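Before any comments, here is the structure.
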Amino acid sequence: MEIIQWVILALAIIFIISRFMPVKGITQLTSQEVKKKLKDKQVQFIDVRTPQEYKSNHRKPFKNIPLHELAKRTGDLDKQKEVVIICQSGMRSMRAAKMLKKQGFEKIINVKGGMGAWV
């Protein structure tokens, strides 16, 4: 019985660690690093916050595609181009990045700290 408890504990630890590990193919950049890309027409900028959050504070050229709509709207995006994703803190944008990765996008950037870290 004790072996089963150790196996369950080990699996729980692996699961928790995997949630915080960087995902292969998703780059983490600071807002300062992302600002250098803002004029690049080959980059797609996506803000996955709610329309209300976006309306109250956003940066050009970020386009608002709320996280809950992203899966249905990936056809609006070009899989060959780089995608920069932002949210308020970096959590939702990381979920969005993982979703895009699973759908075949290869060049994905998550803005570390999101709009809260935008300087």
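Labels used: A, B, ... for chains in the order of the structure tokens, numbers from 1 for residues in each chain, and numbers from 1 for ligands as shown.
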What parts of region 23-54 of chain A does DSSP call helix (DSSP H, G or I)? I'd like the answer as a PyMOL selection string. chain A and resi 31-35+51-54
Selection export as a CSV table (one decimal), in the first residue's frame, atoms kept: N, CA, C and O atoms:
chain,number,residue,atom,x,y,z
A,31,SER,N,8.5,42.9,-21.8
A,31,SER,CA,7.8,43.9,-22.6
A,31,SER,C,8.8,44.8,-23.4
A,31,SER,O,8.6,45.2,-24.5
A,32,GLN,N,10.0,45.0,-22.8
A,32,GLN,CA,11.0,45.8,-23.4
A,32,GLN,C,11.5,45.1,-24.7
A,32,GLN,O,11.7,45.8,-25.7
A,33,GLU,N,11.7,43.8,-24.6
A,33,GLU,CA,12.1,43.0,-25.8
A,33,GLU,C,11.0,43.0,-26.9
A,33,GLU,O,11.3,43.1,-28.1
A,34,VAL,N,9.8,42.9,-26.5
A,34,VAL,CA,8.7,42.9,-27.4
A,34,VAL,C,8.5,44.3,-28.1
A,34,VAL,O,8.2,44.3,-29.3
A,35,LYS,N,8.8,45.3,-27.4
A,35,LYS,CA,8.7,46.7,-28.0
A,35,LYS,C,9.5,46.8,-29.3
A,35,LYS,O,9.2,47.5,-30.2
A,51,PRO,N,-12.7,41.8,-23.8
A,51,PRO,CA,-12.9,43.0,-24.5
A,51,PRO,C,-12.9,44.3,-23.6
A,51,PRO,O,-12.4,45.3,-23.9
A,52,GLN,N,-13.4,44.1,-22.4
A,52,GLN,CA,-13.5,45.2,-21.4
A,52,GLN,C,-12.0,45.6,-21.0
A,52,GLN,O,-11.7,46.7,-20.9
A,53,GLU,N,-11.2,44.5,-20.7
A,53,GLU,CA,-9.8,44.8,-20.3
A,53,GLU,C,-9.1,45.5,-21.4
A,53,GLU,O,-8.3,46.4,-21.2
A,54,TYR,N,-9.3,45.0,-22.6
A,54,TYR,CA,-8.6,45.5,-23.8
A,54,TYR,C,-9.0,47.0,-24.0
A,54,TYR,O,-8.1,47.8,-24.3
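Taking only C-alpha atoms, the non-local environment of Gln44 (chain A) within 8 Å (same-chain residues fewer than 2 positions away omitted) comprises Lys41, Gln42, Ile46, Phe62, Leu77, Lys81, Glu82, Val83 and Val84 of chain A.
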Generate a file of the selected residues that holds N, CA and C atoms, formatted as a PDB file, in the first residue's frame.
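Saved result, out09.pdb, follows:
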ATOM      1  N   LYS A  41       5.977  44.072 -39.533  1.00  0.00           N
ATOM      2  CA  LYS A  41       4.695  43.705 -40.155  1.00  0.00           C
ATOM      3  C   LYS A  41       4.536  42.192 -40.310  1.00  0.00           C
ATOM      4  N   GLN A  42       5.619  41.438 -40.115  1.00  0.00           N
ATOM      5  CA  GLN A  42       5.557  39.982 -40.237  1.00  0.00           C
ATOM      6  C   GLN A  42       5.173  39.301 -38.921  1.00  0.00           C
ATOM      7  N   ILE A  46      -1.329  39.502 -30.531  1.00  0.00           N
ATOM      8  CA  ILE A  46      -2.636  39.104 -30.031  1.00  0.00           C
ATOM      9  C   ILE A  46      -2.734  39.399 -28.530  1.00  0.00           C
ATOM     10  N   PHE A  62      -1.483  45.364 -31.009  1.00  0.00           N
ATOM     11  CA  PHE A  62      -2.140  44.163 -30.479  1.00  0.00           C
ATOM     12  C   PHE A  62      -3.619  44.144 -30.858  1.00  0.00           C
ATOM     13  N   LEU A  77      -5.317  33.606 -38.126  1.00  0.00           N
ATOM     14  CA  LEU A  77      -3.876  33.788 -37.943  1.00  0.00           C
ATOM     15  C   LEU A  77      -3.083  32.963 -38.951  1.00  0.00           C
ATOM     16  N   LYS A  81       3.798  32.798 -39.588  1.00  0.00           N
ATOM     17  CA  LYS A  81       4.322  34.031 -39.000  1.00  0.00           C
ATOM     18  C   LYS A  81       4.459  33.900 -37.484  1.00  0.00           C
ATOM     19  N   GLU A  82       5.349  34.711 -36.946  1.00  0.00           N
ATOM     20  CA  GLU A  82       5.543  34.768 -35.500  1.00  0.00           C
ATOM     21  C   GLU A  82       4.296  35.365 -34.840  1.00  0.00           C
ATOM     22  N   VAL A  83       3.931  34.843 -33.663  1.00  0.00           N
ATOM     23  CA  VAL A  83       2.782  35.338 -32.908  1.00  0.00           C
ATOM     24  C   VAL A  83       3.267  35.792 -31.533  1.00  0.00           C
ATOM     25  N   VAL A  84       2.945  37.032 -31.181  1.00  0.00           N
ATOM     26  CA  VAL A  84       3.260  37.563 -29.854  1.00  0.00           C
ATOM     27  C   VAL A  84       1.938  37.669 -29.108  1.00  0.00           C
TER      28      VAL A  84
END
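The space separating CA of Lys63 (chain A) from CA of Phe45 (chain A) comes to 6.1 Å.
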The residue from A:Gln5, A:Asn57, A:Thr30, A:Thr74 with the smallest atom-to-atom distance to Gly114 (chain A), counting only C-alpha atoms, is A:Thr30
*Find the residues around region 102-107 of chain A up to 12 Å (only C-alpha atoms counted), leave out those fewer than 5 positions away in its own chain, and share them as a ChimeraX atom specification.*
/A:23-28,42-44,70-75,77-85,95-97
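CA of Phe15 (chain A) lies 28.6 Å from CA of Thr50 (chain A).
Considering the residues A:Leu67, A:Ala10, A:Ile108, A:Ile4 and counting only C-alpha atoms, Cys87 (chain A) has its shortest atom-to-atom contact with A:Leu67.
CA of Ile13 (chain A) is found 24.6 Å from CA of Ser89 (chain A).
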So that I can check the secondary structure, give me every residue of chain A assigned strand (DSSP E or B) by backbone DSSP, as an NGL selection string. :A and (26-29 or 43-47 or 63-64 or 82-86 or 108-111)
Let's have the selection written as an mmCIF file, in the first residue's frame, with N, CA, C and O atoms.
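This is the output file out.cif:
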data_model
loop_
_atom_site.group_PDB
_atom_site.id
_atom_site.type_symbol
_atom_site.label_atom_id
_atom_site.label_comp_id
_atom_site.auth_asym_id
_atom_site.auth_seq_id
_atom_site.Cartn_x
_atom_site.Cartn_y
_atom_site.Cartn_z
ATOM 1 N N ILE A 26 7.944 27.866 -27.270
ATOM 2 C CA ILE A 26 7.319 29.104 -26.800
ATOM 3 C C ILE A 26 8.403 29.930 -26.117
ATOM 4 O O ILE A 26 9.009 29.495 -25.150
ATOM 5 N N THR A 27 8.645 31.105 -26.660
ATOM 6 C CA THR A 27 9.673 31.996 -26.134
ATOM 7 C C THR A 27 9.043 32.983 -25.156
ATOM 8 O O THR A 27 7.947 33.477 -25.410
ATOM 9 N N GLN A 28 9.735 33.250 -24.072
ATOM 10 C CA GLN A 28 9.283 34.237 -23.082
ATOM 11 C C GLN A 28 10.117 35.499 -23.283
ATOM 12 O O GLN A 28 11.336 35.452 -23.190
ATOM 13 N N LEU A 29 9.459 36.622 -23.567
ATOM 14 C CA LEU A 29 10.176 37.886 -23.712
ATOM 15 C C LEU A 29 9.580 38.928 -22.768
ATOM 16 O O LEU A 29 8.391 38.878 -22.450
ATOM 17 N N VAL A 43 4.940 40.093 -37.885
ATOM 18 C CA VAL A 43 4.598 39.555 -36.576
ATOM 19 C C VAL A 43 3.116 39.823 -36.299
ATOM 20 O O VAL A 43 2.602 40.896 -36.594
ATOM 21 N N GLN A 44 2.436 38.823 -35.744
ATOM 22 C CA GLN A 44 1.027 38.953 -35.360
ATOM 23 C C GLN A 44 0.980 39.198 -33.851
ATOM 24 O O GLN A 44 1.543 38.422 -33.087
ATOM 25 N N PHE A 45 0.311 40.259 -33.438
ATOM 26 C CA PHE A 45 0.227 40.633 -32.031
ATOM 27 C C PHE A 45 -1.193 40.379 -31.536
ATOM 28 O O PHE A 45 -2.139 40.975 -32.048
ATOM 29 N N ILE A 46 -1.329 39.502 -30.531
ATOM 30 C CA ILE A 46 -2.636 39.104 -30.031
ATOM 31 C C ILE A 46 -2.734 39.399 -28.530
ATOM 32 O O ILE A 46 -1.861 39.025 -27.751
ATOM 33 N N ASP A 47 -3.822 40.048 -28.146
ATOM 34 C CA ASP A 47 -4.134 40.328 -26.739
ATOM 35 C C ASP A 47 -5.322 39.430 -26.385
ATOM 36 O O ASP A 47 -6.392 39.572 -26.968
ATOM 37 N N LYS A 63 -4.050 42.991 -31.369
ATOM 38 C CA LYS A 63 -5.441 42.770 -31.772
ATOM 39 C C LYS A 63 -6.110 41.930 -30.683
ATOM 40 O O LYS A 63 -5.531 40.959 -30.203
ATOM 41 N N ASN A 64 -7.315 42.290 -30.294
ATOM 42 C CA ASN A 64 -8.008 41.575 -29.221
ATOM 43 C C ASN A 64 -8.715 40.326 -29.743
ATOM 44 O O ASN A 64 -9.629 40.410 -30.551
ATOM 45 N N GLU A 82 5.349 34.711 -36.946
ATOM 46 C CA GLU A 82 5.543 34.768 -35.500
ATOM 47 C C GLU A 82 4.296 35.365 -34.840
ATOM 48 O O GLU A 82 3.675 36.274 -35.389
ATOM 49 N N VAL A 83 3.931 34.843 -33.663
ATOM 50 C CA VAL A 83 2.782 35.338 -32.908
ATOM 51 C C VAL A 83 3.267 35.792 -31.533
ATOM 52 O O VAL A 83 3.912 35.033 -30.822
ATOM 53 N N VAL A 84 2.945 37.032 -31.181
ATOM 54 C CA VAL A 84 3.260 37.563 -29.854
ATOM 55 C C VAL A 84 1.938 37.669 -29.108
ATOM 56 O O VAL A 84 0.993 38.292 -29.589
ATOM 57 N N ILE A 85 1.880 37.042 -27.923
ATOM 58 C CA ILE A 85 0.640 36.989 -27.156
ATOM 59 C C ILE A 85 0.828 37.691 -25.812
ATOM 60 O O ILE A 85 1.835 37.494 -25.134
ATOM 61 N N ILE A 86 -0.193 38.491 -25.448
ATOM 62 C CA ILE A 86 -0.153 39.203 -24.171
ATOM 63 C C ILE A 86 -1.508 39.078 -23.483
ATOM 64 O O ILE A 86 -2.536 38.880 -24.145
ATOM 65 N N ILE A 108 6.115 31.265 -31.410
ATOM 66 C CA ILE A 108 5.194 31.856 -30.444
ATOM 67 C C ILE A 108 5.989 32.550 -29.341
ATOM 68 O O ILE A 108 6.921 31.978 -28.783
ATOM 69 N N ILE A 109 5.572 33.770 -29.034
ATOM 70 C CA ILE A 109 6.215 34.531 -27.957
ATOM 71 C C ILE A 109 5.159 34.909 -26.936
ATOM 72 O O ILE A 109 4.103 35.448 -27.285
ATOM 73 N N ASN A 110 5.446 34.633 -25.676
ATOM 74 C CA ASN A 110 4.584 35.047 -24.568
ATOM 75 C C ASN A 110 5.261 36.235 -23.896
ATOM 76 O O ASN A 110 6.455 36.195 -23.608
ATOM 77 N N VAL A 111 4.487 37.305 -23.642
ATOM 78 C CA VAL A 111 5.039 38.483 -22.972
ATOM 79 C C VAL A 111 5.048 38.231 -21.471
ATOM 80 O O VAL A 111 3.999 38.099 -20.847
#
